[in-house]
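Accompanying notes for the structure given below.
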Amino acid sequence: STAIAVALTAAISRWIGGTLERHWLAETARLIEAVRMGILCGYQDQYMAAFGGLTYLDFRGKERLGGDPAEPLATVQRLDPEAPVPPLVLGHTGIMRNSGAVHRGPRQRWEDGEPEVVAAFEEIGRLARLAKKALLRADWEELGRLMNRNHDLVSGLGMSNEANDRLIDAARRRGAYGAKLAGAGKGGTIIAVASDPEDVGRALMDAGAESVYYPYPSPGVEVREEDGGSQ
């Protein structure tokens, strides 16, 4: 849904002669989802759809989700010009859900200042910064360790479910270095890093995945001229 929102924002902006600057596209698409549509969401999906690639995103200073008029833009760093393509496999549980509904509980607990929730989110941010180093060094074992720890934290916040855990366990049993939720949780997808992603993909299908994918860095939103018109 967010990819569609970013694409529509870019298309309409191009149509009316507006900007295609990617920070603006991400922020505007997020504003549409959060304010106009009432979906509780952060910024990660919109920025990734706008920028694409293997990208490090830093959202420090944006914790109030637009409630601060002096909120900065996200820090965006493309890693794929230097980092090798990580050996990833993604498994879809087949479960569809509203990500905003999944986010609501942990978000409210964070706003209420529950110490364990605040500490978990702080550690999740630290793990992401360490994962950047692992990606640039092609240290897949370390990346897997960080992914496993991330999943422990988000699972402790109540964001996993049986379908997620079944696929994650299957990936780890097949030899994946690490596996975690990909997205809000409570269904959707899981992602694993492994020396043999296709073998782990077969294990995910055997464990009940609806489908598997092998993600790689690709461009973000693009406006192309085809057959005499914009697309």
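Numbering starts fresh at 1 for the residues of each chain in the structure tokens, the chains themselves are lettered A, B, ... in the order given, and ligands are numbered from 1 as they appear.
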Proximity of segment 58-106 of chain A to segment 167-177 of chain A: per-residue shortest pair, 9 Å limit, only C-alpha atoms, as CSV:
```
residue,atom,partner,partner_atom,distance
A:Gly91,CA,A:Leu167,CA,7.3
A:His92,CA,A:Leu167,CA,8.8
A:Thr93,CA,A:Leu167,CA,7.8
```
All strand (DSSP E) residues (DSSP, backbone) inside segment 46-134 of chain A, as a list in words = Thr55, Tyr56, Leu57, Asp58, Thr75, Val76, Gln77, Arg78, Leu88, Val89, Leu90, Gly91 and His92 of chain A
Next, the residues of the selection above should be written as an mmCIF file, in the first residue's frame with all heavy atoms.
```
data_model
loop_
_atom_site.group_PDB
_atom_site.id
_atom_site.type_symbol
_atom_site.label_atom_id
_atom_site.label_comp_id
_atom_site.auth_asym_id
_atom_site.auth_seq_id
_atom_site.Cartn_x
_atom_site.Cartn_y
_atom_site.Cartn_z
ATOM 1 N N THR A 55 19.631 0.497 1.568
ATOM 2 C CA THR A 55 19.705 1.852 2.100
ATOM 3 C C THR A 55 19.640 1.863 3.615
ATOM 4 O O THR A 55 18.782 1.212 4.215
ATOM 5 C CB THR A 55 18.556 2.704 1.528
ATOM 6 O OG1 THR A 55 18.647 2.686 0.097
ATOM 7 C CG2 THR A 55 18.615 4.132 2.012
ATOM 8 N N TYR A 56 20.556 2.628 4.211
ATOM 9 C CA TYR A 56 20.545 2.857 5.650
ATOM 10 C C TYR A 56 19.714 4.101 5.922
ATOM 11 O O TYR A 56 19.942 5.162 5.340
ATOM 12 C CB TYR A 56 21.978 3.060 6.155
ATOM 13 C CG TYR A 56 22.055 3.531 7.592
ATOM 14 C CD1 TYR A 56 21.854 2.651 8.644
ATOM 15 C CD2 TYR A 56 22.338 4.867 7.891
ATOM 16 C CE1 TYR A 56 21.931 3.088 9.960
ATOM 17 C CE2 TYR A 56 22.409 5.309 9.196
ATOM 18 C CZ TYR A 56 22.200 4.414 10.222
ATOM 19 O OH TYR A 56 22.272 4.843 11.524
ATOM 20 N N LEU A 57 18.734 3.957 6.818
ATOM 21 C CA LEU A 57 17.844 5.056 7.174
ATOM 22 C C LEU A 57 17.957 5.340 8.663
ATOM 23 O O LEU A 57 17.902 4.412 9.471
ATOM 24 C CB LEU A 57 16.394 4.706 6.830
ATOM 25 C CG LEU A 57 16.086 4.413 5.365
ATOM 26 C CD1 LEU A 57 14.663 3.882 5.211
ATOM 27 C CD2 LEU A 57 16.267 5.661 4.520
ATOM 28 N N ASP A 58 18.084 6.599 9.014
ATOM 29 C CA ASP A 58 18.188 7.008 10.409
ATOM 30 C C ASP A 58 17.063 8.000 10.685
ATOM 31 O O ASP A 58 17.009 9.075 10.086
ATOM 32 C CB ASP A 58 19.553 7.654 10.675
ATOM 33 C CG ASP A 58 19.844 7.814 12.164
ATOM 34 O OD1 ASP A 58 18.880 7.994 12.941
ATOM 35 O OD2 ASP A 58 21.025 7.764 12.544
ATOM 36 N N THR A 75 17.811 10.721 7.688
ATOM 37 C CA THR A 75 19.144 10.591 7.105
ATOM 38 C C THR A 75 19.151 9.350 6.215
ATOM 39 O O THR A 75 18.814 8.257 6.674
ATOM 40 C CB THR A 75 20.215 10.466 8.193
ATOM 41 O OG1 THR A 75 20.206 11.651 8.989
ATOM 42 C CG2 THR A 75 21.593 10.284 7.584
ATOM 43 N N VAL A 76 19.507 9.530 4.958
ATOM 44 C CA VAL A 76 19.445 8.453 3.971
ATOM 45 C C VAL A 76 20.833 8.205 3.404
ATOM 46 O O VAL A 76 21.488 9.128 2.926
ATOM 47 C CB VAL A 76 18.468 8.814 2.825
ATOM 48 C CG1 VAL A 76 18.414 7.683 1.801
ATOM 49 C CG2 VAL A 76 17.092 9.139 3.372
ATOM 50 N N GLN A 77 21.288 6.949 3.447
ATOM 51 C CA GLN A 77 22.595 6.596 2.886
ATOM 52 C C GLN A 77 22.465 5.314 2.084
ATOM 53 O O GLN A 77 22.162 4.255 2.639
ATOM 54 C CB GLN A 77 23.640 6.419 3.981
ATOM 55 C CG GLN A 77 25.020 6.052 3.450
ATOM 56 C CD GLN A 77 26.021 5.751 4.549
ATOM 57 O OE1 GLN A 77 25.681 5.715 5.729
ATOM 58 N NE2 GLN A 77 27.260 5.522 4.164
ATOM 59 N N ARG A 78 22.683 5.395 0.781
ATOM 60 C CA ARG A 78 22.674 4.202 -0.055
ATOM 61 C C ARG A 78 23.962 3.416 0.192
ATOM 62 O O ARG A 78 25.059 3.945 0.081
ATOM 63 C CB ARG A 78 22.578 4.597 -1.530
ATOM 64 C CG ARG A 78 21.218 5.107 -1.961
ATOM 65 C CD ARG A 78 20.207 3.993 -2.136
ATOM 66 N NE ARG A 78 20.556 3.083 -3.198
ATOM 67 C CZ ARG A 78 20.080 3.170 -4.441
ATOM 68 N NH1 ARG A 78 19.245 4.127 -4.756
ATOM 69 N NH2 ARG A 78 20.439 2.286 -5.355
ATOM 70 N N LEU A 88 19.793 -12.891 0.901
ATOM 71 C CA LEU A 88 18.549 -12.852 1.660
ATOM 72 C C LEU A 88 17.467 -13.708 1.014
ATOM 73 O O LEU A 88 17.447 -13.902 -0.198
ATOM 74 C CB LEU A 88 18.040 -11.411 1.764
ATOM 75 C CG LEU A 88 18.966 -10.396 2.433
ATOM 76 C CD1 LEU A 88 18.386 -8.990 2.302
ATOM 77 C CD2 LEU A 88 19.186 -10.754 3.894
ATOM 78 N N VAL A 89 16.556 -14.180 1.846
ATOM 79 C CA VAL A 89 15.343 -14.842 1.368
ATOM 80 C C VAL A 89 14.194 -14.344 2.232
ATOM 81 O O VAL A 89 14.336 -14.185 3.440
ATOM 82 C CB VAL A 89 15.466 -16.379 1.421
ATOM 83 C CG1 VAL A 89 15.828 -16.874 2.813
ATOM 84 C CG2 VAL A 89 14.158 -17.034 0.961
ATOM 85 N N LEU A 90 13.075 -14.094 1.586
ATOM 86 C CA LEU A 90 11.906 -13.576 2.286
ATOM 87 C C LEU A 90 10.770 -14.559 2.105
ATOM 88 O O LEU A 90 10.505 -15.023 0.996
ATOM 89 C CB LEU A 90 11.552 -12.202 1.712
ATOM 90 C CG LEU A 90 10.464 -11.394 2.392
ATOM 91 C CD1 LEU A 90 10.778 -9.910 2.283
ATOM 92 C CD2 LEU A 90 9.100 -11.691 1.777
ATOM 93 N N GLY A 91 10.090 -14.886 3.198
ATOM 94 C CA GLY A 91 8.957 -15.806 3.141
ATOM 95 C C GLY A 91 7.672 -15.121 3.559
ATOM 96 O O GLY A 91 7.642 -14.440 4.593
ATOM 97 N N HIS A 92 6.624 -15.290 2.768
ATOM 98 C CA HIS A 92 5.329 -14.677 3.086
ATOM 99 C C HIS A 92 4.432 -15.705 3.765
ATOM 100 O O HIS A 92 4.243 -16.818 3.276
ATOM 101 C CB HIS A 92 4.658 -14.172 1.809
ATOM 102 C CG HIS A 92 3.516 -13.232 2.073
ATOM 103 N ND1 HIS A 92 2.278 -13.670 2.449
ATOM 104 C CD2 HIS A 92 3.442 -11.872 2.031
ATOM 105 C CE1 HIS A 92 1.473 -12.637 2.629
ATOM 106 N NE2 HIS A 92 2.162 -11.534 2.376
#
```
Contacts of Ala29 of chain A within 9 Å, only C-alpha atoms, excl. fewer than 5 positions in-chain, as a list in words |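 Using only C-alpha atoms, the neighbours found are Thr2, Ala5, Val6, Ala7, Leu8, Thr9, Trp24, Ala34 and Gln46 of chain A.
The space between atom CA of Gly144 of chain A and atom CA of Tyr47 of chain A spans 23.8 Å.
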Shell of 9 Å around Gly183 of chain A, only C-alpha atoms, local chain residues under 5 positions omitted, as a ChimeraX atom specification = /A:45,99,188-190
Mind writing the picked residues with N, CA and C atoms as an mmCIF file, in the first residue's frame?
```cif
data_model
loop_
_atom_site.group_PDB
_atom_site.id
_atom_site.type_symbol
_atom_site.label_atom_id
_atom_site.label_comp_id
_atom_site.auth_asym_id
_atom_site.auth_seq_id
_atom_site.Cartn_x
_atom_site.Cartn_y
_atom_site.Cartn_z
ATOM 1 N N ASP A 45 8.720 2.737 5.440
ATOM 2 C CA ASP A 45 8.219 2.204 4.173
ATOM 3 C C ASP A 45 8.208 3.277 3.092
ATOM 4 N N SER A 99 -1.197 -3.048 9.215
ATOM 5 C CA SER A 99 0.027 -2.825 9.987
ATOM 6 C C SER A 99 -0.171 -1.786 11.083
ATOM 7 N N GLY A 188 2.192 -11.374 7.577
ATOM 8 C CA GLY A 188 3.051 -10.712 6.590
ATOM 9 C C GLY A 188 4.254 -11.566 6.264
ATOM 10 N N THR A 189 5.452 -11.013 6.401
ATOM 11 C CA THR A 189 6.649 -11.688 5.920
ATOM 12 C C THR A 189 7.719 -11.816 6.991
ATOM 13 N N ILE A 190 8.629 -12.750 6.739
ATOM 14 C CA ILE A 190 9.862 -12.867 7.531
ATOM 15 C C ILE A 190 11.021 -12.811 6.541
#
```
Could you name the residues that touch Leu143 of chain A at 8 Å or less, counting only C-alpha atoms, but leaving out those on the same chain fewer than 5 positions away, as number ranges by chain?
-> A: 131, 134-135, 177-178, 193
Could you write out the selected residues, including N, CA, C and O atoms, as a short mmCIF file (atom, residue, chain, number, x, y, z; two decimals), in the first residue's frame?
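Everything below was put into out26.cif:
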```cif
data_model
loop_
_atom_site.label_atom_id
_atom_site.label_comp_id
_atom_site.auth_asym_id
_atom_site.auth_seq_id
_atom_site.Cartn_x
_atom_site.Cartn_y
_atom_site.Cartn_z
N ALA A 131 24.11 -3.24 12.11
CA ALA A 131 23.84 -3.99 10.89
C ALA A 131 24.43 -3.29 9.67
O ALA A 131 24.86 -3.95 8.72
N ALA A 134 27.88 -4.50 9.45
CA ALA A 134 27.94 -5.89 8.99
C ALA A 134 27.68 -5.98 7.48
O ALA A 134 28.33 -6.76 6.78
N LEU A 135 26.75 -5.18 6.98
CA LEU A 135 26.46 -5.19 5.54
C LEU A 135 27.66 -4.73 4.74
O LEU A 135 28.03 -5.35 3.73
N TYR A 177 21.80 -17.93 8.96
CA TYR A 177 22.55 -17.22 10.00
C TYR A 177 21.61 -16.50 10.95
O TYR A 177 21.90 -16.36 12.14
N GLY A 178 20.49 -16.01 10.43
CA GLY A 178 19.53 -15.30 11.26
C GLY A 178 18.25 -15.07 10.50
O GLY A 178 18.20 -15.15 9.27
N VAL A 193 18.86 -14.37 6.40
CA VAL A 193 20.13 -14.28 5.69
C VAL A 193 20.80 -15.64 5.82
O VAL A 193 20.84 -16.23 6.90
#
```
Could you give me, as a list in words, the residues within 6 Å of Ala49 of chain A, counting only C-alpha atoms and dropping anything in the same chain fewer than 3 positions from it?
-> Ala3, Gln46, Gly52 and Gly220 of chain A
Of the residues A:Asp80, A:Ala203, A:Glu226, A:Gly158, which is the one nearest to Val117 of chain A, using only C-alpha atoms?
-> A:Gly158
